[in-house]
Amino acid sequence: MTWYATLGRNVLDWLIPPSCLSCGEEVAPDGGHVCAACFAGFRFIHVPFCDACALPITQDEMAERGALCADCERRPPLWRRGRAAFLYGGSARRLIMGLKYGDRTEHASALARFMAQAGDDLLDQEALLVPVPVHRWRLWNRGYNQAALMAKALSRQRGLACQPDLLRRRFRTASLAGLSRQGRQKQMAEAIMVRDRYRDGLRGRHVILVDDILTTGATAEACAKALLEHGCVSVDILVAARVTLS
Ligand SMILES: [Zn+2]
Ligand SMILES: [Zn+2]
């Protein structure tokens with residue numbers, strides 16, 4: 001940092017003491033964005049985890065099956081590799097809920113920093129960052145797509161290309177909960193599209209899909225399908241938190 005940037009930041013810290021993004025308590029000027037107590041409330045995902053869906057697996061499972069969890073081995077997803085910074089819950093849940101429903105857009109870059117660490121091996125300079133789209137009704141309501149904010153933050157932090165509106169969600173998929181896995185997939189596959197103006201530029205590209213959470217993977221699967229159909233060589237997925245259903 002240059003001396004005047006440092007000075008500027010010190011003045012700013014004095015005027016507005018930095019506070020924890022998760023609980024609002026004051027943090028030390030160089031203490032990062034989250035206080036020690038909230039930091040302890042993150043459930044970081046460590047190795048070994050499933051190479052495709054980021055679910056933690058045991059050393060024994062790793063020795064037995066290699067890098068995939070039982071579900072991904074039985075039915076490998078269309079995307080290649082998956083990384084998540086945390087298991088959903090605790091401080092990660094608070095940051096994500098604040099970003100999605102509380103207008104706390106500043107959470108996007110804090111979450112992106114953790115995601116950049118978790119997805120370090122995916123983030124090569126050739127990669128194109130693409131957020132999972134939300135329907136435009138939701139965009140109008142919320143004013144932003146939280147996944148797009150995260151993708152842009154990652155792009156700034158790592159100097160990677162980002163195309164925030166490459167994918168489009170055609171209709172709302174509000175009630176996928178009652179459907180079978182196949183039913184969900186069918187409906188999602190019809191809902192996600194590559195925008196016309198980007199169709200010719202995707203051949204040979206390596207895309208990293210960015211989202212806040214990964215749950216069943218139905219949405220990510222639909223995005224990967226659309227991207228691969230338009231010539232992408234590979235699709236990886238990077239999320240802030242992995243939701244476990246059990
Ligand atoms: Zn805190
Ligand atoms: Zn898996």
# chains A, B, ... in the order shown; residues from 1 in each chain; ligands from 1
call {"tool": "residues_around", "arguments": {"residues": "Arg113 (chain A)", "least_positions_apart": "3", "cutoff": "10 Å", "atoms": "only C-alpha atoms", "output": "JSON, numbers by chain"}}
result
{"A": [85, 108, 109, 110, 116, 117, 118, 119, 150, 153, 154, 157, 158, 240]}
call {"tool": "select_by_dssp", "arguments": {"residues": "region 135-242 of chain A", "states": "strand (DSSP E)", "output": "ChimeraX atom specification"}}
result
/A:161-162,167-169,192-194,206-214,234-242
call {"tool": "write_last_selection", "arguments": {"atoms": "N, CA and C atoms", "output": "compact mmCIF listing (two decimals), in the first residue's frame"}}
result
# COMPACT_ATOMS: atom_id res chain seq x y z
N ALA A 161 -11.19 -12.79 -15.62
CA ALA A 161 -12.33 -12.33 -16.41
C ALA A 161 -13.63 -12.75 -15.75
N CYS A 162 -14.65 -11.90 -15.88
CA CYS A 162 -15.95 -12.19 -15.27
C CYS A 162 -17.05 -11.73 -16.22
N LEU A 167 -25.36 -15.96 -18.09
CA LEU A 167 -26.49 -16.89 -17.98
C LEU A 167 -27.75 -16.13 -17.58
N ARG A 168 -28.86 -16.72 -17.93
CA ARG A 168 -30.15 -16.09 -17.67
C ARG A 168 -31.10 -17.15 -17.11
N ARG A 169 -31.93 -16.73 -16.15
CA ARG A 169 -32.94 -17.65 -15.63
C ARG A 169 -34.27 -17.22 -16.21
N ILE A 192 -32.54 -22.37 -17.33
CA ILE A 192 -31.24 -21.68 -17.46
C ILE A 192 -30.79 -21.64 -18.91
N MET A 193 -30.43 -20.46 -19.38
CA MET A 193 -29.98 -20.31 -20.77
C MET A 193 -28.75 -19.41 -20.85
N VAL A 194 -27.94 -19.65 -21.90
CA VAL A 194 -26.85 -18.74 -22.22
C VAL A 194 -27.45 -17.60 -23.05
N HIS A 206 -12.90 -22.16 -20.26
CA HIS A 206 -13.02 -22.84 -18.98
C HIS A 206 -13.78 -21.92 -18.03
N VAL A 207 -14.97 -22.35 -17.59
CA VAL A 207 -15.83 -21.49 -16.78
C VAL A 207 -15.82 -21.96 -15.32
N ILE A 208 -15.78 -20.98 -14.42
CA ILE A 208 -16.01 -21.27 -13.00
C ILE A 208 -17.34 -20.63 -12.61
N LEU A 209 -18.29 -21.49 -12.28
CA LEU A 209 -19.59 -21.00 -11.81
C LEU A 209 -19.45 -20.54 -10.37
N VAL A 210 -20.05 -19.40 -10.06
CA VAL A 210 -19.96 -18.86 -8.71
C VAL A 210 -21.36 -18.75 -8.11
N ASP A 211 -21.51 -19.23 -6.87
CA ASP A 211 -22.80 -19.09 -6.19
C ASP A 211 -22.55 -18.96 -4.69
N ASP A 212 -23.60 -18.56 -3.95
CA ASP A 212 -23.42 -18.44 -2.51
C ASP A 212 -23.42 -19.81 -1.84
N ILE A 213 -24.37 -20.67 -2.21
CA ILE A 213 -24.42 -22.00 -1.60
C ILE A 213 -24.59 -23.09 -2.65
N LEU A 214 -24.17 -24.29 -2.29
CA LEU A 214 -24.41 -25.47 -3.11
C LEU A 214 -25.22 -26.44 -2.26
N SER A 234 -14.72 -26.99 -19.97
CA SER A 234 -14.93 -27.49 -18.62
C SER A 234 -15.67 -26.45 -17.81
N VAL A 235 -16.39 -26.94 -16.81
CA VAL A 235 -17.09 -26.08 -15.87
C VAL A 235 -16.73 -26.55 -14.46
N ASP A 236 -16.26 -25.65 -13.64
CA ASP A 236 -16.04 -25.93 -12.22
C ASP A 236 -17.02 -25.08 -11.43
N ILE A 237 -17.15 -25.38 -10.15
CA ILE A 237 -18.07 -24.57 -9.33
C ILE A 237 -17.39 -24.16 -8.03
N LEU A 238 -17.55 -22.89 -7.69
CA LEU A 238 -16.97 -22.33 -6.47
C LEU A 238 -18.07 -21.62 -5.69
N VAL A 239 -18.30 -22.07 -4.46
CA VAL A 239 -19.36 -21.46 -3.64
C VAL A 239 -18.80 -21.06 -2.27
N ALA A 240 -19.55 -20.22 -1.57
CA ALA A 240 -19.13 -19.86 -0.22
C ALA A 240 -19.39 -21.03 0.72
N ALA A 241 -20.58 -21.63 0.64
CA ALA A 241 -20.90 -22.67 1.62
C ALA A 241 -21.60 -23.87 1.00
N ARG A 242 -21.22 -25.02 1.52
CA ARG A 242 -21.82 -26.29 1.11
C ARG A 242 -22.90 -26.64 2.14
call {"tool": "residues_around", "arguments": {"residues": "region 91-106 of chain A", "least_positions_apart": "3", "cutoff": "7 Å", "atoms": "only C-alpha atoms", "output": "JSON, numbers by chain"}}
result
{"A": [22, 38, 41, 42, 86, 88, 109, 146, 212]}
call {"tool": "closest_residue", "arguments": {"among": "A:Gly183, A:Gly178, A:Pro18, A:Gly217", "to": "ligand 2", "atoms": "only C-alpha atoms and all ligand atoms"}}
result
A:Gly217
call {"tool": "select_by_dssp", "arguments": {"residues": "region 23-195 of chain A", "states": "helix (DSSP H, G or I)", "output": "JSON, numbers by chain"}}
result
{"A": [36, 37, 38, 39, 40, 59, 60, 61, 62, 63, 64, 65, 70, 71, 72, 73, 74, 90, 91, 92, 93, 94, 95, 96, 97, 98, 99, 100, 101, 107, 108, 109, 110, 111, 112, 113, 114, 115, 116, 117, 118, 136, 137, 138, 139, 140, 141, 142, 146, 147, 148, 149, 150, 151, 152, 153, 154, 155, 156, 157, 158, 181, 182, 183, 184, 185, 186, 187, 188, 189, 190, 191]}
call {"tool": "residues_near_ligand", "arguments": {"ligand": "ligand 1", "cutoff": "8 Å", "atoms": "only C-alpha atoms and all ligand atoms", "output": "list in words"}}
result
Ser19, Cys20, Leu21, Ser22, Cys23, Gly24, Glu25, Val27, Val34, Cys35, Ala36, Ala37, Cys38 and Phe39 of chain A
call {"tool": "closest_residue", "arguments": {"among": "A:Ala191, A:Ala40, A:Ala28, A:Val243", "to": "ligand 2", "atoms": "only C-alpha atoms and all ligand atoms"}}
result
A:Val243
call {"tool": "closest_residue", "arguments": {"among": "A:Leu122, A:Leu160, A:Asp60, A:Thr216", "to": "ligand 2", "atoms": "only C-alpha atoms and all ligand atoms"}}
result
A:Thr216
call {"tool": "closest_residue", "arguments": {"among": "A:Ala63, A:Leu228, A:Ala70, A:Ala5", "to": "ligand 2", "atoms": "only C-alpha atoms and all ligand atoms"}}
result
A:Ala70
call {"tool": "residues_near_ligand", "arguments": {"ligand": "ligand 2", "cutoff": "12 Å", "atoms": "only C-alpha atoms and all ligand atoms", "output": "mmCIF file with all heavy atoms, in the first residue's frame"}}
result
data_model
loop_
_atom_site.group_PDB
_atom_site.id
_atom_site.type_symbol
_atom_site.label_atom_id
_atom_site.label_comp_id
_atom_site.auth_asym_id
_atom_site.auth_seq_id
_atom_site.Cartn_x
_atom_site.Cartn_y
_atom_site.Cartn_z
ATOM 1 N N PRO A 48 -9.744 -34.188 3.811
ATOM 2 C CA PRO A 48 -10.223 -34.567 2.481
ATOM 3 C C PRO A 48 -11.685 -34.177 2.259
ATOM 4 O O PRO A 48 -12.492 -34.267 3.159
ATOM 5 C CB PRO A 48 -10.081 -36.093 2.494
ATOM 6 C CG PRO A 48 -10.234 -36.488 3.923
ATOM 7 C CD PRO A 48 -9.737 -35.325 4.746
ATOM 8 N N PHE A 49 -11.967 -33.693 1.041
ATOM 9 C CA PHE A 49 -13.356 -33.411 0.663
ATOM 10 C C PHE A 49 -13.561 -33.932 -0.754
ATOM 11 O O PHE A 49 -12.592 -34.195 -1.475
ATOM 12 C CB PHE A 49 -13.656 -31.908 0.747
ATOM 13 C CG PHE A 49 -12.711 -31.037 -0.030
ATOM 14 C CD1 PHE A 49 -12.857 -30.881 -1.401
ATOM 15 C CD2 PHE A 49 -11.661 -30.382 0.604
ATOM 16 C CE1 PHE A 49 -11.979 -30.080 -2.122
ATOM 17 C CE2 PHE A 49 -10.775 -29.581 -0.113
ATOM 18 C CZ PHE A 49 -10.935 -29.436 -1.482
ATOM 19 N N CYS A 50 -14.846 -34.080 -1.133
ATOM 20 C CA CYS A 50 -15.157 -34.596 -2.472
ATOM 21 C C CYS A 50 -14.699 -33.589 -3.524
ATOM 22 O O CYS A 50 -15.013 -32.403 -3.441
ATOM 23 C CB CYS A 50 -16.661 -34.836 -2.577
ATOM 24 S SG CYS A 50 -17.180 -35.248 -4.252
ATOM 25 N N ASP A 51 -13.975 -34.066 -4.524
ATOM 26 C CA ASP A 51 -13.423 -33.193 -5.561
ATOM 27 C C ASP A 51 -14.527 -32.550 -6.407
ATOM 28 O O ASP A 51 -14.335 -31.486 -6.978
ATOM 29 C CB ASP A 51 -12.507 -34.028 -6.465
ATOM 30 C CG ASP A 51 -11.685 -33.162 -7.405
ATOM 31 O OD1 ASP A 51 -11.079 -32.175 -6.926
ATOM 32 O OD2 ASP A 51 -11.674 -33.455 -8.613
ATOM 33 N N ALA A 52 -15.714 -33.179 -6.429
ATOM 34 C CA ALA A 52 -16.788 -32.655 -7.278
ATOM 35 C C ALA A 52 -17.770 -31.768 -6.519
ATOM 36 O O ALA A 52 -18.215 -30.749 -7.041
ATOM 37 C CB ALA A 52 -17.549 -33.811 -7.932
ATOM 38 N N CYS A 53 -18.116 -32.120 -5.273
ATOM 39 C CA CYS A 53 -19.167 -31.370 -4.592
ATOM 40 C C CYS A 53 -18.703 -30.745 -3.284
ATOM 41 O O CYS A 53 -19.502 -30.136 -2.573
ATOM 42 C CB CYS A 53 -20.392 -32.239 -4.364
ATOM 43 S SG CYS A 53 -20.191 -33.407 -3.010
ATOM 44 N N ALA A 54 -17.427 -30.899 -2.940
ATOM 45 C CA ALA A 54 -16.808 -30.248 -1.776
ATOM 46 C C ALA A 54 -17.290 -30.774 -0.428
ATOM 47 O O ALA A 54 -16.957 -30.215 0.614
ATOM 48 C CB ALA A 54 -16.983 -28.726 -1.842
ATOM 49 N N LEU A 55 -18.075 -31.838 -0.439
ATOM 50 C CA LEU A 55 -18.544 -32.420 0.819
ATOM 51 C C LEU A 55 -17.366 -33.096 1.533
ATOM 52 O O LEU A 55 -16.625 -33.847 0.910
ATOM 53 C CB LEU A 55 -19.615 -33.468 0.496
ATOM 54 C CG LEU A 55 -20.610 -33.806 1.586
ATOM 55 C CD1 LEU A 55 -21.527 -32.612 1.845
ATOM 56 C CD2 LEU A 55 -21.439 -35.004 1.150
ATOM 57 N N PRO A 56 -17.205 -32.823 2.844
ATOM 58 C CA PRO A 56 -16.111 -33.504 3.556
ATOM 59 C C PRO A 56 -16.284 -35.022 3.496
ATOM 60 O O PRO A 56 -17.397 -35.532 3.620
ATOM 61 C CB PRO A 56 -16.260 -32.992 4.995
ATOM 62 C CG PRO A 56 -16.983 -31.698 4.865
ATOM 63 C CD PRO A 56 -17.911 -31.869 3.711
ATOM 64 N N ILE A 57 -15.191 -35.725 3.273
ATOM 65 C CA ILE A 57 -15.221 -37.193 3.292
ATOM 66 C C ILE A 57 -14.144 -37.654 4.273
ATOM 67 O O ILE A 57 -13.280 -36.862 4.663
ATOM 68 C CB ILE A 57 -14.996 -37.825 1.884
ATOM 69 C CG1 ILE A 57 -13.720 -37.285 1.226
ATOM 70 C CG2 ILE A 57 -16.187 -37.561 0.984
ATOM 71 C CD1 ILE A 57 -13.425 -37.912 -0.141
ATOM 72 N N GLU A 61 -12.787 -43.203 3.362
ATOM 73 C CA GLU A 61 -13.528 -43.089 2.095
ATOM 74 C C GLU A 61 -12.588 -42.671 0.971
ATOM 75 O O GLU A 61 -12.679 -43.144 -0.150
ATOM 76 C CB GLU A 61 -14.646 -42.038 2.234
ATOM 77 C CG GLU A 61 -15.831 -42.521 3.049
ATOM 78 C CD GLU A 61 -16.860 -41.420 3.267
ATOM 79 O OE1 GLU A 61 -16.480 -40.345 3.793
ATOM 80 O OE2 GLU A 61 -18.017 -41.631 2.902
ATOM 81 N N MET A 62 -11.685 -41.752 1.307
ATOM 82 C CA MET A 62 -10.708 -41.259 0.338
ATOM 83 C C MET A 62 -9.849 -42.422 -0.166
ATOM 84 O O MET A 62 -9.616 -42.577 -1.364
ATOM 85 C CB MET A 62 -9.837 -40.207 1.036
ATOM 86 C CG MET A 62 -8.816 -39.558 0.151
ATOM 87 S SD MET A 62 -9.565 -38.148 -0.679
ATOM 88 C CE MET A 62 -8.101 -37.464 -1.438
ATOM 89 N N ARG A 65 -12.270 -44.836 -2.319
ATOM 90 C CA ARG A 65 -12.916 -44.406 -3.563
ATOM 91 C C ARG A 65 -12.151 -43.343 -4.326
ATOM 92 O O ARG A 65 -12.555 -42.932 -5.399
ATOM 93 C CB ARG A 65 -14.297 -43.826 -3.238
ATOM 94 C CG ARG A 65 -15.413 -44.824 -3.249
ATOM 95 C CD ARG A 65 -16.728 -44.090 -3.268
ATOM 96 N NE ARG A 65 -16.802 -43.128 -2.190
ATOM 97 C CZ ARG A 65 -17.320 -43.389 -0.994
ATOM 98 N NH1 ARG A 65 -17.817 -44.569 -0.752
ATOM 99 N NH2 ARG A 65 -17.347 -42.472 -0.071
ATOM 100 N N GLY A 66 -11.069 -42.841 -3.739
ATOM 101 C CA GLY A 66 -10.401 -41.721 -4.389
ATOM 102 C C GLY A 66 -11.076 -40.438 -3.997
ATOM 103 O O GLY A 66 -11.583 -40.319 -2.895
ATOM 104 N N ALA A 67 -11.133 -39.503 -4.901
ATOM 105 C CA ALA A 67 -11.484 -38.137 -4.520
ATOM 106 C C ALA A 67 -12.980 -37.835 -4.476
ATOM 107 O O ALA A 67 -13.354 -36.708 -4.215
ATOM 108 C CB ALA A 67 -10.796 -37.175 -5.474
ATOM 109 N N LEU A 68 -13.834 -38.809 -4.742
ATOM 110 C CA LEU A 68 -15.265 -38.496 -4.802
ATOM 111 C C LEU A 68 -16.042 -39.080 -3.620
ATOM 112 O O LEU A 68 -15.701 -40.132 -3.101
ATOM 113 C CB LEU A 68 -15.877 -39.039 -6.102
ATOM 114 C CG LEU A 68 -15.361 -38.436 -7.405
ATOM 115 C CD1 LEU A 68 -16.076 -39.078 -8.590
ATOM 116 C CD2 LEU A 68 -15.518 -36.926 -7.448
ATOM 117 N N CYS A 69 -17.131 -38.362 -3.238
ATOM 118 C CA CYS A 69 -18.034 -38.902 -2.230
ATOM 119 C C CYS A 69 -18.890 -39.989 -2.887
ATOM 120 O O CYS A 69 -18.886 -40.136 -4.110
ATOM 121 C CB CYS A 69 -18.909 -37.793 -1.646
ATOM 122 S SG CYS A 69 -20.185 -37.184 -2.758
ATOM 123 N N ALA A 70 -19.630 -40.729 -2.062
ATOM 124 C CA ALA A 70 -20.422 -41.848 -2.583
ATOM 125 C C ALA A 70 -21.427 -41.379 -3.636
ATOM 126 O O ALA A 70 -21.580 -42.004 -4.693
ATOM 127 C CB ALA A 70 -21.136 -42.547 -1.438
ATOM 128 N N ASP A 71 -22.110 -40.246 -3.375
ATOM 129 C CA ASP A 71 -23.120 -39.734 -4.314
ATOM 130 C C ASP A 71 -22.506 -39.354 -5.653
ATOM 131 O O ASP A 71 -23.056 -39.670 -6.708
ATOM 132 C CB ASP A 71 -23.819 -38.501 -3.728
ATOM 133 C CG ASP A 71 -24.906 -38.895 -2.743
ATOM 134 O OD1 ASP A 71 -25.213 -40.108 -2.675
ATOM 135 O OD2 ASP A 71 -25.420 -38.002 -2.060
ATOM 136 N N CYS A 72 -21.384 -38.648 -5.609
ATOM 137 C CA CYS A 72 -20.764 -38.189 -6.864
ATOM 138 C C CYS A 72 -20.142 -39.349 -7.641
ATOM 139 O O CYS A 72 -20.080 -39.308 -8.859
ATOM 140 C CB CYS A 72 -19.723 -37.107 -6.584
ATOM 141 S SG CYS A 72 -20.467 -35.558 -6.039
ATOM 142 N N GLU A 73 -19.706 -40.386 -6.904
ATOM 143 C CA GLU A 73 -19.175 -41.539 -7.612
ATOM 144 C C GLU A 73 -20.301 -42.274 -8.330
ATOM 145 O O GLU A 73 -20.167 -42.689 -9.477
ATOM 146 C CB GLU A 73 -18.461 -42.486 -6.658
ATOM 147 C CG GLU A 73 -17.612 -43.487 -7.423
ATOM 148 C CD GLU A 73 -17.118 -44.604 -6.552
ATOM 149 O OE1 GLU A 73 -17.929 -45.169 -5.781
ATOM 150 O OE2 GLU A 73 -15.934 -44.919 -6.634
ATOM 151 N N ARG A 74 -21.437 -42.397 -7.649
ATOM 152 C CA ARG A 74 -22.588 -43.079 -8.234
ATOM 153 C C ARG A 74 -23.106 -42.306 -9.445
ATOM 154 O O ARG A 74 -23.466 -42.872 -10.459
ATOM 155 C CB ARG A 74 -23.698 -43.195 -7.173
ATOM 156 C CG ARG A 74 -24.629 -44.357 -7.389
ATOM 157 C CD ARG A 74 -25.666 -44.464 -6.262
ATOM 158 N NE ARG A 74 -25.086 -44.478 -4.927
ATOM 159 C CZ ARG A 74 -25.380 -43.581 -3.979
ATOM 160 N NH1 ARG A 74 -26.240 -42.616 -4.203
ATOM 161 N NH2 ARG A 74 -24.811 -43.648 -2.796
ATOM 162 N N ARG A 75 -23.123 -40.991 -9.282
ATOM 163 C CA ARG A 75 -23.688 -40.162 -10.347
ATOM 164 C C ARG A 75 -22.880 -38.865 -10.449
ATOM 165 O O ARG A 75 -23.218 -37.867 -9.843
ATOM 166 C CB ARG A 75 -25.148 -39.834 -9.998
ATOM 167 C CG ARG A 75 -25.945 -39.374 -11.173
ATOM 168 C CD ARG A 75 -27.283 -38.811 -10.742
ATOM 169 N NE ARG A 75 -27.641 -37.718 -11.649
ATOM 170 C CZ ARG A 75 -27.155 -36.497 -11.569
ATOM 171 N NH1 ARG A 75 -26.298 -36.169 -10.628
ATOM 172 N NH2 ARG A 75 -27.517 -35.566 -12.438
ATOM 173 N N PRO A 76 -21.778 -38.912 -11.226
ATOM 174 C CA PRO A 76 -20.904 -37.727 -11.291
ATOM 175 C C PRO A 76 -21.655 -36.528 -11.863
ATOM 176 O O PRO A 76 -22.404 -36.664 -12.820
ATOM 177 C CB PRO A 76 -19.788 -38.156 -12.261
ATOM 178 C CG PRO A 76 -19.899 -39.634 -12.381
ATOM 179 C CD PRO A 76 -21.317 -40.000 -12.099
ATOM 180 N N PRO A 77 -21.495 -35.336 -11.264
ATOM 181 C CA PRO A 77 -22.161 -34.148 -11.809
ATOM 182 C C PRO A 77 -21.555 -33.748 -13.153
ATOM 183 O O PRO A 77 -20.471 -34.213 -13.517
ATOM 184 C CB PRO A 77 -21.888 -33.074 -10.752
ATOM 185 C CG PRO A 77 -20.713 -33.563 -9.975
ATOM 186 C CD PRO A 77 -20.713 -35.054 -10.062
ATOM 187 N N LEU A 78 -22.263 -32.895 -13.875
ATOM 188 C CA LEU A 78 -21.783 -32.452 -15.184
ATOM 189 C C LEU A 78 -20.571 -31.540 -15.052
ATOM 190 O O LEU A 78 -19.757 -31.442 -15.956
ATOM 191 C CB LEU A 78 -22.888 -31.689 -15.924
ATOM 192 C CG LEU A 78 -24.003 -32.527 -16.518
ATOM 193 C CD1 LEU A 78 -25.079 -31.622 -17.094
ATOM 194 C CD2 LEU A 78 -23.468 -33.467 -17.600
ATOM 195 N N TRP A 79 -20.482 -30.815 -13.913
ATOM 196 C CA TRP A 79 -19.310 -29.980 -13.735
ATOM 197 C C TRP A 79 -18.146 -30.864 -13.291
ATOM 198 O O TRP A 79 -18.325 -32.024 -12.921
ATOM 199 C CB TRP A 79 -19.590 -28.851 -12.750
ATOM 200 C CG TRP A 79 -19.819 -29.270 -11.341
ATOM 201 C CD1 TRP A 79 -18.849 -29.566 -10.416
ATOM 202 C CD2 TRP A 79 -21.072 -29.460 -10.676
ATOM 203 N NE1 TRP A 79 -19.429 -29.909 -9.221
ATOM 204 C CE2 TRP A 79 -20.788 -29.856 -9.354
ATOM 205 C CE3 TRP A 79 -22.406 -29.331 -11.073
ATOM 206 C CZ2 TRP A 79 -21.789 -30.122 -8.425
ATOM 207 C CZ3 TRP A 79 -23.398 -29.593 -10.143
ATOM 208 C CH2 TRP A 79 -23.096 -29.991 -8.847
ATOM 209 N N ARG A 80 -16.945 -30.295 -13.320
ATOM 210 C CA ARG A 80 -15.749 -31.096 -13.084
ATOM 211 C C ARG A 80 -15.357 -31.069 -11.605
ATOM 212 O O ARG A 80 -15.472 -32.051 -10.905
ATOM 213 C CB ARG A 80 -14.636 -30.550 -13.980
ATOM 214 C CG ARG A 80 -13.350 -31.329 -13.958
ATOM 215 C CD ARG A 80 -12.363 -30.763 -14.948
ATOM 216 N NE ARG A 80 -12.134 -29.329 -14.738
ATOM 217 C CZ ARG A 80 -11.087 -28.661 -15.222
ATOM 218 N NH1 ARG A 80 -10.197 -29.295 -15.964
ATOM 219 N NH2 ARG A 80 -10.936 -27.377 -15.004
ATOM 220 N N ARG A 81 -14.930 -29.922 -11.137
ATOM 221 C CA ARG A 81 -14.477 -29.828 -9.749
ATOM 222 C C ARG A 81 -15.348 -28.843 -8.977
ATOM 223 O O ARG A 81 -15.848 -27.874 -9.552
ATOM 224 C CB ARG A 81 -13.028 -29.337 -9.706
ATOM 225 C CG ARG A 81 -12.048 -30.291 -10.351
ATOM 226 C CD ARG A 81 -10.658 -29.685 -10.449
ATOM 227 N NE ARG A 81 -10.633 -28.516 -11.330
ATOM 228 C CZ ARG A 81 -9.545 -27.793 -11.566
ATOM 229 N NH1 ARG A 81 -8.405 -28.099 -10.990
ATOM 230 N NH2 ARG A 81 -9.600 -26.750 -12.381
ATOM 231 N N GLY A 82 -15.517 -29.061 -7.700
ATOM 232 C CA GLY A 82 -16.298 -28.154 -6.861
ATOM 233 C C GLY A 82 -15.533 -27.799 -5.600
ATOM 234 O O GLY A 82 -14.899 -28.655 -4.993
ATOM 235 N N ARG A 83 -15.572 -26.523 -5.229
ATOM 236 C CA ARG A 83 -14.908 -26.082 -3.996
ATOM 237 C C ARG A 83 -15.855 -25.199 -3.199
ATOM 238 O O ARG A 83 -16.603 -24.398 -3.778
ATOM 239 C CB ARG A 83 -13.635 -25.269 -4.317
ATOM 240 C CG ARG A 83 -12.594 -25.996 -5.149
ATOM 241 C CD ARG A 83 -11.894 -27.106 -4.350
ATOM 242 N NE ARG A 83 -10.883 -27.793 -5.156
ATOM 243 C CZ ARG A 83 -11.100 -28.905 -5.847
ATOM 244 N NH1 ARG A 83 -12.298 -29.470 -5.856
ATOM 245 N NH2 ARG A 83 -10.127 -29.471 -6.543
ATOM 246 N N ALA A 84 -15.805 -25.328 -1.863
ATOM 247 C CA ALA A 84 -16.605 -24.485 -0.974
ATOM 248 C C ALA A 84 -15.726 -24.094 0.198
ATOM 249 O O ALA A 84 -14.927 -24.899 0.675
ATOM 250 C CB ALA A 84 -17.835 -25.247 -0.486
ATOM 251 N N LEU A 214 -24.170 -24.286 -2.287
ATOM 252 C CA LEU A 214 -24.415 -25.467 -3.112
ATOM 253 C C LEU A 214 -25.216 -26.439 -2.264
ATOM 254 O O LEU A 214 -24.773 -26.841 -1.186
ATOM 255 C CB LEU A 214 -23.088 -26.103 -3.539
ATOM 256 C CG LEU A 214 -23.162 -27.423 -4.305
ATOM 257 C CD1 LEU A 214 -23.871 -27.254 -5.645
ATOM 258 C CD2 LEU A 214 -21.769 -28.011 -4.532
ATOM 259 N N THR A 215 -26.420 -26.767 -2.733
ATOM 260 C CA THR A 215 -27.267 -27.685 -1.962
ATOM 261 C C THR A 215 -27.417 -28.994 -2.726
ATOM 262 O O THR A 215 -26.551 -29.847 -2.670
ATOM 263 C CB THR A 215 -28.635 -27.036 -1.651
ATOM 264 O OG1 THR A 215 -28.401 -25.755 -1.072
ATOM 265 C CG2 THR A 215 -29.421 -27.863 -0.648
ATOM 266 N N THR A 216 -28.477 -29.122 -3.517
ATOM 267 C CA THR A 216 -28.642 -30.379 -4.270
ATOM 268 C C THR A 216 -27.801 -30.377 -5.537
ATOM 269 O O THR A 216 -27.526 -31.424 -6.113
ATOM 270 C CB THR A 216 -30.107 -30.574 -4.709
ATOM 271 O OG1 THR A 216 -30.443 -29.514 -5.623
ATOM 272 C CG2 THR A 216 -31.038 -30.549 -3.524
ATOM 273 N N GLY A 217 -27.437 -29.202 -6.009
ATOM 274 C CA GLY A 217 -26.661 -29.116 -7.238
ATOM 275 C C GLY A 217 -27.521 -29.033 -8.487
ATOM 276 O O GLY A 217 -26.993 -28.972 -9.594
ATOM 277 N N ARG A 242 -21.219 -25.025 1.523
ATOM 278 C CA ARG A 242 -21.824 -26.287 1.114
ATOM 279 C C ARG A 242 -22.895 -26.638 2.141
ATOM 280 O O ARG A 242 -22.606 -26.715 3.338
ATOM 281 C CB ARG A 242 -20.744 -27.375 1.084
ATOM 282 C CG ARG A 242 -21.250 -28.772 0.739
ATOM 283 C CD ARG A 242 -21.652 -28.837 -0.721
ATOM 284 N NE ARG A 242 -21.823 -30.211 -1.191
ATOM 285 C CZ ARG A 242 -22.995 -30.830 -1.290
ATOM 286 N NH1 ARG A 242 -24.111 -30.233 -0.908
ATOM 287 N NH2 ARG A 242 -23.069 -32.053 -1.759
ATOM 288 N N VAL A 243 -24.122 -26.806 1.654
ATOM 289 C CA VAL A 243 -25.216 -27.186 2.539
ATOM 290 C C VAL A 243 -25.281 -28.706 2.591
ATOM 291 O O VAL A 243 -25.310 -29.365 1.554
ATOM 292 C CB VAL A 243 -26.564 -26.629 2.026
ATOM 293 C CG1 VAL A 243 -27.708 -27.044 2.945
ATOM 294 C CG2 VAL A 243 -26.495 -25.116 1.904
ATOM 295 N N THR A 244 -25.286 -29.250 3.789
ATOM 296 C CA THR A 244 -25.422 -30.707 3.902
ATOM 297 C C THR A 244 -26.870 -31.006 4.260
ATOM 298 O O THR A 244 -27.462 -30.343 5.112
ATOM 299 C CB THR A 244 -24.487 -31.268 4.992
ATOM 300 O OG1 THR A 244 -24.696 -30.522 6.187
ATOM 301 C CG2 THR A 244 -23.047 -31.154 4.573
#
